[in-house]
file model_30.pdb (PDB, C-alpha atoms and all ligand atoms)
ATOM      1  CA  MET A   1      -9.236  15.290  16.531  1.00  0.00           C
ATOM      2  CA  ALA A   2      -7.887  12.684  18.889  1.00  0.00           C
ATOM      3  CA  ILE A   3      -4.755  10.577  19.054  1.00  0.00           C
ATOM      4  CA  GLU A   4      -5.857   6.973  18.806  1.00  0.00           C
ATOM      5  CA  LYS A   5      -4.470   3.514  18.114  1.00  0.00           C
ATOM      6  CA  THR A   6      -5.426   1.090  15.385  1.00  0.00           C
ATOM      7  CA  PHE A   7      -4.581  -2.503  14.506  1.00  0.00           C
ATOM      8  CA  VAL A   8      -3.214  -3.593  11.120  1.00  0.00           C
ATOM      9  CA  MET A   9      -2.361  -7.062   9.838  1.00  0.00           C
ATOM     10  CA  ILE A  10      -0.403  -7.748   6.641  1.00  0.00           C
ATOM     11  CA  LYS A  11      -2.027 -10.943   5.343  1.00  0.00           C
ATOM     12  CA  PRO A  12      -0.169 -13.999   3.981  1.00  0.00           C
ATOM     13  CA  ASP A  13      -0.391 -12.678   0.390  1.00  0.00           C
ATOM     14  CA  GLY A  14       1.258  -9.403   1.392  1.00  0.00           C
ATOM     15  CA  VAL A  15       4.016 -11.255   3.237  1.00  0.00           C
ATOM     16  CA  SER A  16       4.678 -13.801   0.442  1.00  0.00           C
ATOM     17  CA  ARG A  17       4.750 -11.051  -2.195  1.00  0.00           C
ATOM     18  CA  GLY A  18       7.453  -9.188  -0.290  1.00  0.00           C
ATOM     19  CA  LEU A  19       5.288  -6.179   0.582  1.00  0.00           C
ATOM     20  CA  ILE A  20       5.991  -5.932   4.341  1.00  0.00           C
ATOM     21  CA  GLY A  21       8.425  -3.056   3.941  1.00  0.00           C
ATOM     22  CA  GLU A  22       6.240  -1.257   1.395  1.00  0.00           C
ATOM     23  CA  VAL A  23       3.164  -1.392   3.635  1.00  0.00           C
ATOM     24  CA  ILE A  24       4.937  -0.355   6.850  1.00  0.00           C
ATOM     25  CA  SER A  25       6.804   2.379   4.987  1.00  0.00           C
ATOM     26  CA  ARG A  26       3.549   3.944   3.781  1.00  0.00           C
ATOM     27  CA  PHE A  27       2.245   4.178   7.345  1.00  0.00           C
ATOM     28  CA  GLU A  28       5.533   5.557   8.673  1.00  0.00           C
ATOM     29  CA  ARG A  29       5.776   8.169   5.914  1.00  0.00           C
ATOM     30  CA  LYS A  30       2.225   9.260   6.726  1.00  0.00           C
ATOM     31  CA  GLY A  31       3.385  10.026  10.267  1.00  0.00           C
ATOM     32  CA  LEU A  32       1.791   7.126  12.114  1.00  0.00           C
ATOM     33  CA  LYS A  33       3.908   5.659  14.932  1.00  0.00           C
ATOM     34  CA  LEU A  34       4.538   1.939  15.308  1.00  0.00           C
ATOM     35  CA  LYS A  35       3.636   0.926  18.862  1.00  0.00           C
ATOM     36  CA  ALA A  36       3.911  -2.879  18.448  1.00  0.00           C
ATOM     37  CA  LEU A  37       5.043  -5.219  15.647  1.00  0.00           C
ATOM     38  CA  LYS A  38       5.074  -9.019  15.333  1.00  0.00           C
ATOM     39  CA  MET A  39       5.321 -11.701  12.603  1.00  0.00           C
ATOM     40  CA  VAL A  40       3.398 -14.884  13.443  1.00  0.00           C
ATOM     41  CA  ARG A  41       1.510 -17.779  11.899  1.00  0.00           C
ATOM     42  CA  LEU A  42      -2.091 -17.655  13.166  1.00  0.00           C
ATOM     43  CA  THR A  43      -3.721 -20.768  14.573  1.00  0.00           C
ATOM     44  CA  ARG A  44      -7.235 -21.590  13.358  1.00  0.00           C
ATOM     45  CA  GLU A  45      -8.607 -20.584  16.792  1.00  0.00           C
ATOM     46  CA  LYS A  46      -6.915 -17.157  16.701  1.00  0.00           C
ATOM     47  CA  ALA A  47      -8.028 -16.576  13.099  1.00  0.00           C
ATOM     48  CA  GLU A  48     -11.637 -17.400  14.028  1.00  0.00           C
ATOM     49  CA  GLU A  49     -11.392 -14.984  16.967  1.00  0.00           C
ATOM     50  CA  LEU A  50      -9.934 -12.216  14.789  1.00  0.00           C
ATOM     51  CA  TYR A  51     -12.730 -12.579  12.241  1.00  0.00           C
ATOM     52  CA  SER A  52     -15.538 -13.533  14.653  1.00  0.00           C
ATOM     53  CA  VAL A  53     -17.828 -10.796  13.253  1.00  0.00           C
ATOM     54  CA  HIS A  54     -17.826 -12.692   9.940  1.00  0.00           C
ATOM     55  CA  LYS A  55     -18.525 -16.159  11.369  1.00  0.00           C
ATOM     56  CA  ASP A  56     -21.923 -16.444   9.661  1.00  0.00           C
ATOM     57  CA  LYS A  57     -20.687 -15.197   6.263  1.00  0.00           C
ATOM     58  CA  PRO A  58     -20.344 -17.631   3.342  1.00  0.00           C
ATOM     59  CA  PHE A  59     -16.678 -16.673   2.920  1.00  0.00           C
ATOM     60  CA  PHE A  60     -15.727 -17.307   6.583  1.00  0.00           C
ATOM     61  CA  ASN A  61     -14.140 -20.735   6.135  1.00  0.00           C
ATOM     62  CA  ASP A  62     -12.120 -19.692   3.083  1.00  0.00           C
ATOM     63  CA  LEU A  63     -11.019 -16.563   4.934  1.00  0.00           C
ATOM     64  CA  VAL A  64      -9.775 -18.577   7.932  1.00  0.00           C
ATOM     65  CA  GLU A  65      -7.938 -21.002   5.592  1.00  0.00           C
ATOM     66  CA  PHE A  66      -6.345 -18.057   3.811  1.00  0.00           C
ATOM     67  CA  VAL A  67      -5.135 -16.143   6.880  1.00  0.00           C
ATOM     68  CA  THR A  68      -3.685 -19.323   8.418  1.00  0.00           C
ATOM     69  CA  SER A  69      -1.919 -20.345   5.161  1.00  0.00           C
ATOM     70  CA  GLY A  70       1.322 -18.511   5.996  1.00  0.00           C
ATOM     71  CA  PRO A  71       2.853 -15.896   8.276  1.00  0.00           C
ATOM     72  CA  VAL A  72       1.185 -12.545   8.886  1.00  0.00           C
ATOM     73  CA  VAL A  73       2.609  -9.303  10.267  1.00  0.00           C
ATOM     74  CA  ALA A  74       0.531  -7.682  13.008  1.00  0.00           C
ATOM     75  CA  MET A  75       1.060  -4.130  14.215  1.00  0.00           C
ATOM     76  CA  ILE A  76      -0.414  -1.366  16.297  1.00  0.00           C
ATOM     77  CA  LEU A  77      -0.176   2.147  14.871  1.00  0.00           C
ATOM     78  CA  GLU A  78      -0.860   5.408  16.663  1.00  0.00           C
ATOM     79  CA  GLY A  79      -1.700   8.873  15.403  1.00  0.00           C
ATOM     80  CA  ASP A  80      -4.373  11.528  14.966  1.00  0.00           C
ATOM     81  CA  SER A  81      -7.591   9.767  13.834  1.00  0.00           C
ATOM     82  CA  ALA A  82      -5.511   6.653  13.126  1.00  0.00           C
ATOM     83  CA  ILE A  83      -8.491   4.328  12.595  1.00  0.00           C
ATOM     84  CA  ASP A  84     -10.063   6.382   9.791  1.00  0.00           C
ATOM     85  CA  VAL A  85      -6.714   7.453   8.301  1.00  0.00           C
ATOM     86  CA  VAL A  86      -5.504   3.841   7.987  1.00  0.00           C
ATOM     87  CA  ARG A  87      -8.840   2.703   6.500  1.00  0.00           C
ATOM     88  CA  LEU A  88      -8.491   5.440   3.846  1.00  0.00           C
ATOM     89  CA  MET A  89      -4.899   4.380   3.138  1.00  0.00           C
ATOM     90  CA  ILE A  90      -5.761   0.694   2.659  1.00  0.00           C
ATOM     91  CA  GLY A  91      -8.746   1.327   0.338  1.00  0.00           C
ATOM     92  CA  ALA A  92     -11.919  -0.628  -0.417  1.00  0.00           C
ATOM     93  CA  THR A  93     -12.095  -4.329   0.515  1.00  0.00           C
ATOM     94  CA  ASP A  94     -12.235  -5.454  -3.123  1.00  0.00           C
ATOM     95  CA  GLY A  95      -8.825  -4.778  -4.654  1.00  0.00           C
ATOM     96  CA  ARG A  96     -10.453  -4.434  -8.084  1.00  0.00           C
ATOM     97  CA  LYS A  97     -12.489  -1.477  -6.802  1.00  0.00           C
ATOM     98  CA  ALA A  98      -9.986   0.105  -4.411  1.00  0.00           C
ATOM     99  CA  ALA A  99      -8.756   3.523  -5.534  1.00  0.00           C
ATOM    100  CA  PRO A 100      -5.282   3.814  -7.046  1.00  0.00           C
ATOM    101  CA  GLY A 101      -2.893   5.191  -4.435  1.00  0.00           C
ATOM    102  CA  THR A 102      -4.369   3.008  -1.718  1.00  0.00           C
ATOM    103  CA  ILE A 103      -2.560  -0.166  -0.642  1.00  0.00           C
ATOM    104  CA  ARG A 104      -5.238  -2.478  -2.040  1.00  0.00           C
ATOM    105  CA  GLY A 105      -5.717  -0.253  -5.095  1.00  0.00           C
ATOM    106  CA  ASP A 106      -2.022  -0.503  -5.904  1.00  0.00           C
ATOM    107  CA  PHE A 107      -1.355  -4.161  -5.037  1.00  0.00           C
ATOM    108  CA  ALA A 108      -4.568  -6.280  -5.011  1.00  0.00           C
ATOM    109  CA  LEU A 109      -6.942  -7.692  -7.631  1.00  0.00           C
ATOM    110  CA  SER A 110      -9.024  -9.812  -5.260  1.00  0.00           C
ATOM    111  CA  ILE A 111     -11.638  -9.394  -2.534  1.00  0.00           C
ATOM    112  CA  GLN A 112     -10.066 -12.066  -0.308  1.00  0.00           C
ATOM    113  CA  ASN A 113      -6.361 -11.709  -1.081  1.00  0.00           C
ATOM    114  CA  ASN A 114      -6.312  -8.001  -0.372  1.00  0.00           C
ATOM    115  CA  ILE A 115      -2.895  -7.598   1.337  1.00  0.00           C
ATOM    116  CA  VAL A 116      -3.991  -5.959   4.603  1.00  0.00           C
ATOM    117  CA  HIS A 117      -6.638  -5.874   7.296  1.00  0.00           C
ATOM    118  CA  ALA A 118      -7.259  -2.843   9.527  1.00  0.00           C
ATOM    119  CA  SER A 119      -9.660  -2.172  12.392  1.00  0.00           C
ATOM    120  CA  ASP A 120     -12.806  -0.300  11.342  1.00  0.00           C
ATOM    121  CA  SER A 121     -13.727   1.079  14.803  1.00  0.00           C
ATOM    122  CA  LYS A 122     -12.459   1.475  18.378  1.00  0.00           C
ATOM    123  CA  GLU A 123     -14.454  -1.634  19.340  1.00  0.00           C
ATOM    124  CA  SER A 124     -12.776  -3.662  16.571  1.00  0.00           C
ATOM    125  CA  PHE A 125      -9.358  -2.377  17.647  1.00  0.00           C
ATOM    126  CA  GLU A 126     -10.007  -3.459  21.253  1.00  0.00           C
ATOM    127  CA  ARG A 127     -10.919  -6.995  20.199  1.00  0.00           C
ATOM    128  CA  GLU A 128      -8.465  -7.461  17.338  1.00  0.00           C
ATOM    129  CA  HIS A 129      -5.216  -6.266  18.893  1.00  0.00           C
ATOM    130  CA  LYS A 130      -5.728  -8.627  21.844  1.00  0.00           C
ATOM    131  CA  VAL A 131      -5.579 -11.612  19.456  1.00  0.00           C
ATOM    132  CA  PHE A 132      -1.874 -10.781  18.963  1.00  0.00           C
ATOM    133  CA  PHE A 133      -0.632  -8.497  21.730  1.00  0.00           C
ATOM    134  CA  THR A 134      -0.636  -8.124  25.505  1.00  0.00           C
ATOM    135  CA  GLU A 135      -0.516  -4.679  27.097  1.00  0.00           C
ATOM    136  CA  ASN A 136       3.235  -5.210  27.758  1.00  0.00           C
ATOM    137  CA  ASP A 137       3.880  -5.541  24.002  1.00  0.00           C
ATOM    138  CA  ILE A 138       2.643  -1.972  23.351  1.00  0.00           C
ATOM    139  CA  LEU A 139       5.556   0.486  23.570  1.00  0.00           C
TER     140      LEU A 139
HETATM  141  P1  LIG A 201     -10.822  -7.671   5.763  1.00  0.00           P
HETATM  142  O1  LIG A 201     -10.840  -6.203   5.688  1.00  0.00           O
HETATM  143  O2  LIG A 201      -9.688  -8.337   6.459  1.00  0.00           O
HETATM  144  O3  LIG A 201     -12.193  -8.160   6.428  1.00  0.00           O
HETATM  145  C1  LIG A 201     -12.786  -9.403   6.149  1.00  0.00           C
HETATM  146  C2  LIG A 201     -12.084 -10.141   5.053  1.00  0.00           C
HETATM  147  O4  LIG A 201     -12.828 -11.190   4.452  1.00  0.00           O
HETATM  148  C3  LIG A 201     -11.804  -9.197   3.908  1.00  0.00           C
HETATM  149  O5  LIG A 201     -10.835  -8.248   4.255  1.00  0.00           O
HETATM  150  C4  LIG A 201     -11.418 -10.185   2.809  1.00  0.00           C
HETATM  151  O6  LIG A 201     -10.069 -10.626   2.926  1.00  0.00           O
HETATM  152  C5  LIG A 201     -12.311 -11.388   3.131  1.00  0.00           C
HETATM  153  N1  LIG A 201     -13.425 -11.571   2.200  1.00  0.00           N
HETATM  154  C6  LIG A 201     -13.561 -12.613   1.369  1.00  0.00           C
HETATM  155  N2  LIG A 201     -14.695 -12.531   0.675  1.00  0.00           N
HETATM  156  C7  LIG A 201     -15.299 -11.398   1.051  1.00  0.00           C
HETATM  157  C8  LIG A 201     -16.524 -10.767   0.668  1.00  0.00           C
HETATM  158  N3  LIG A 201     -17.346 -11.285  -0.237  1.00  0.00           N
HETATM  159  N4  LIG A 201     -16.825  -9.597   1.270  1.00  0.00           N
HETATM  160  C9  LIG A 201     -16.012  -9.066   2.212  1.00  0.00           C
HETATM  161  N5  LIG A 201     -14.834  -9.642   2.616  1.00  0.00           N
HETATM  162  C10 LIG A 201     -14.490 -10.801   2.027  1.00  0.00           C
END
call {"tool": "encode", "arguments": {"input": "model_30.pdb", "output": "structure tokens", "more": "lines below"}}
Ligand code: CMP
result
Amino acid sequence: MAIEKTFVMIKPDGVSRGLIGEVISRFERKGLKLKALKMVRLTREKAEELYSVHKDKPFFNDLVEFVTSGPVVAMILEGDSAIDVVRLMIGATDGRKAAPGTIRGDFALSIQNNIVHASDSKESFEREHKVFFTENDIL
């Protein structure tokens, strides 16, 4: 398989519940390498850009309100098959259905407030990481 990068964001619920260390620790223990890391409060414009694929969904406005409600932690992780590995580690979107042992399965009971977001493809990674990082930020 191939070494690739993926983008992860700890959402405002994960930050306010004190789960930053827990989430990053899981990725580090798995063997993924942190290539960039930043805590920021998203503007509405940046949030709409991050979630542009969902702009026609009924939950879009609530989602933008939620991700701009407090600070988030954005990161780029690198490793073998990182995109698929991280998606497996975060679990299903709905925290009520996510498998135990996954981040959402262990910490979320909601479809919206589900602790983390992660890129689902190379194309998503290319768009999403640029909302937060420039090429100089990636170490
Ligand atoms: P995420 O993986 O970041 O991708 C889109 C986000 O929209 C999702 O996690 C949830 O936080 C949020 N969301 C809210 N309602 C829904 C829904 N009905 N289906 C999918 N995602 C939803």
call {"tool": "closest_atom_pairs", "arguments": {"input": "model_30.pdb", "of": "region 12-52 of chain A", "to": "region 86-109 of chain A", "cutoff": "12 Å", "atoms": "all atoms listed in the file", "output": "Markdown table"}}
result
| residue | atom | partner | partner_atom | distance |
| --- | --- | --- | --- | --- |
| A:Asp13 | CA | A:Ala108 | CA | 9.4 |
| A:Gly14 | CA | A:Phe107 | CA | 8.7 |
| A:Arg17 | CA | A:Phe107 | CA | 9.6 |
| A:Gly18 | CA | A:Phe107 | CA | 11.2 |
| A:Leu19 | CA | A:Phe107 | CA | 8.9 |
| A:Ile20 | CA | A:Ile103 | CA | 11.5 |
| A:Glu22 | CA | A:Ile103 | CA | 9.1 |
| A:Val23 | CA | A:Ile103 | CA | 7.2 |
| A:Ile24 | CA | A:Ile103 | CA | 10.6 |
| A:Ser25 | CA | A:Ile103 | CA | 11.2 |
| A:Arg26 | CA | A:Met89 | CA | 8.5 |
| A:Phe27 | CA | A:Val86 | CA | 7.8 |
| A:Glu28 | CA | A:Val86 | CA | 11.2 |
| A:Arg29 | CA | A:Met89 | CA | 11.7 |
| A:Lys30 | CA | A:Met89 | CA | 9.4 |
| A:Gly31 | CA | A:Val86 | CA | 11.1 |
| A:Leu32 | CA | A:Val86 | CA | 9.0 |
| A:Lys33 | CA | A:Val86 | CA | 11.8 |
call {"tool": "closest_atom_pairs", "arguments": {"input": "model_30.pdb", "of": "chain A", "to": "ligand LIG 201 (chain A)", "cutoff": "9 Å", "atoms": "all atoms listed in the file", "output": "JSON lines"}}
result
{"residue": "A:Met9", "atom": "CA", "partner": "A:LIG201", "partner_atom": "O2", "distance": 8.2}
{"residue": "A:Lys11", "atom": "CA", "partner": "A:LIG201", "partner_atom": "O2", "distance": 8.2}
{"residue": "A:Tyr51", "atom": "CA", "partner": "A:LIG201", "partner_atom": "C1", "distance": 6.9}
{"residue": "A:Val53", "atom": "CA", "partner": "A:LIG201", "partner_atom": "C1", "distance": 8.8}
{"residue": "A:His54", "atom": "CA", "partner": "A:LIG201", "partner_atom": "C1", "distance": 7.1}
{"residue": "A:Lys57", "atom": "CA", "partner": "A:LIG201", "partner_atom": "C8", "distance": 8.3}
{"residue": "A:Pro58", "atom": "CA", "partner": "A:LIG201", "partner_atom": "N3", "distance": 7.9}
{"residue": "A:Phe59", "atom": "CA", "partner": "A:LIG201", "partner_atom": "N2", "distance": 5.1}
{"residue": "A:Phe60", "atom": "CA", "partner": "A:LIG201", "partner_atom": "O4", "distance": 7.1}
{"residue": "A:Asp62", "atom": "CA", "partner": "A:LIG201", "partner_atom": "C6", "distance": 7.4}
{"residue": "A:Leu63", "atom": "CA", "partner": "A:LIG201", "partner_atom": "C5", "distance": 5.6}
{"residue": "A:Val64", "atom": "CA", "partner": "A:LIG201", "partner_atom": "O4", "distance": 8.7}
{"residue": "A:Phe66", "atom": "CA", "partner": "A:LIG201", "partner_atom": "O6", "distance": 8.4}
{"residue": "A:Val67", "atom": "CA", "partner": "A:LIG201", "partner_atom": "O6", "distance": 8.4}
{"residue": "A:Ala92", "atom": "CA", "partner": "A:LIG201", "partner_atom": "O1", "distance": 8.3}
{"residue": "A:Thr93", "atom": "CA", "partner": "A:LIG201", "partner_atom": "O5", "distance": 5.6}
{"residue": "A:Asp94", "atom": "CA", "partner": "A:LIG201", "partner_atom": "C9", "distance": 7.5}
{"residue": "A:Ser110", "atom": "CA", "partner": "A:LIG201", "partner_atom": "O6", "distance": 8.3}
{"residue": "A:Ile111", "atom": "CA", "partner": "A:LIG201", "partner_atom": "C4", "distance": 5.4}
{"residue": "A:Gln112", "atom": "CA", "partner": "A:LIG201", "partner_atom": "O6", "distance": 3.5}
{"residue": "A:Asn113", "atom": "CA", "partner": "A:LIG201", "partner_atom": "O6", "distance": 5.6}
{"residue": "A:Asn114", "atom": "CA", "partner": "A:LIG201", "partner_atom": "O6", "distance": 5.6}
{"residue": "A:Ile115", "atom": "CA", "partner": "A:LIG201", "partner_atom": "O6", "distance": 7.9}
{"residue": "A:Val116", "atom": "CA", "partner": "A:LIG201", "partner_atom": "O2", "distance": 6.4}
{"residue": "A:His117", "atom": "CA", "partner": "A:LIG201", "partner_atom": "O2", "distance": 4.0}
{"residue": "A:Ala118", "atom": "CA", "partner": "A:LIG201", "partner_atom": "O1", "distance": 6.2}
{"residue": "A:Ser119", "atom": "CA", "partner": "A:LIG201", "partner_atom": "O1", "distance": 7.9}
{"residue": "A:Asp120", "atom": "CA", "partner": "A:LIG201", "partner_atom": "O1", "distance": 8.4}
call {"tool": "closest_residue", "arguments": {"input": "model_30.pdb", "among": "A:Ile138, A:Leu42, A:Met75, A:Ile3", "to": "Lys122 (chain A)", "atoms": "only C-alpha atoms"}}
result
A:Ile3
call {"tool": "closest_residue", "arguments": {"input": "model_30.pdb", "among": "A:Val85, A:Leu77, A:Ala47, A:Val72", "to": "Phe7 (chain A)", "atoms": "all atoms listed in the file"}}
result
A:Leu77
call {"tool": "residues_near_point", "arguments": {"input": "model_30.pdb", "point": "(-5.9, -14.8, 16.9)", "cutoff": "12 Å", "atoms": "all atoms listed in the file", "output": "PyMOL selection string"}}
result
chain A and resi 9+40-52+64+67-68+72+74+127-133
call {"tool": "resolve_selection", "arguments": {"input": "model_30.pdb", "expression": "the PyMOL selection byres (((chain A and resi 79-81) around 6) and not hetatm)", "output": "list in words"}}
result
Ala2, Ile3, Glu4, Leu32, Glu78, Ala82, Ile83 and Asp84 of chain A
call {"tool": "atom_distance", "arguments": {"input": "model_30.pdb", "atom1": "CA of Ala36 (chain A)", "atom2": "CA of Lys55 (chain A)"}}
result
27.0 Å
call {"tool": "resolve_selection", "arguments": {"input": "model_30.pdb", "expression": "the PyMOL selection byres (((chain A and resi 139) around 10) and not hetatm)", "output": "PDB file with C-alpha atoms, in the coordinates of the input"}}
result
ATOM      1  CA  LEU A  34       4.538   1.939  15.308  1.00  0.00           C
ATOM      2  CA  LYS A  35       3.636   0.926  18.862  1.00  0.00           C
ATOM      3  CA  ALA A  36       3.911  -2.879  18.448  1.00  0.00           C
ATOM      4  CA  LEU A  37       5.043  -5.219  15.647  1.00  0.00           C
ATOM      5  CA  ILE A  76      -0.414  -1.366  16.297  1.00  0.00           C
ATOM      6  CA  GLU A 135      -0.516  -4.679  27.097  1.00  0.00           C
ATOM      7  CA  ASN A 136       3.235  -5.210  27.758  1.00  0.00           C
ATOM      8  CA  ASP A 137       3.880  -5.541  24.002  1.00  0.00           C
ATOM      9  CA  ILE A 138       2.643  -1.972  23.351  1.00  0.00           C
TER      10      ILE A 138
END
call {"tool": "atom_distance", "arguments": {"input": "model_30.pdb", "atom1": "CA of Lys5 (chain A)", "atom2": "CA of Met39 (chain A)"}}
result
18.9 Å
call {"tool": "atom_distance", "arguments": {"input": "model_30.pdb", "atom1": "CA of Glu126 (chain A)", "atom2": "CA of Val8 (chain A)"}}
result
12.2 Å
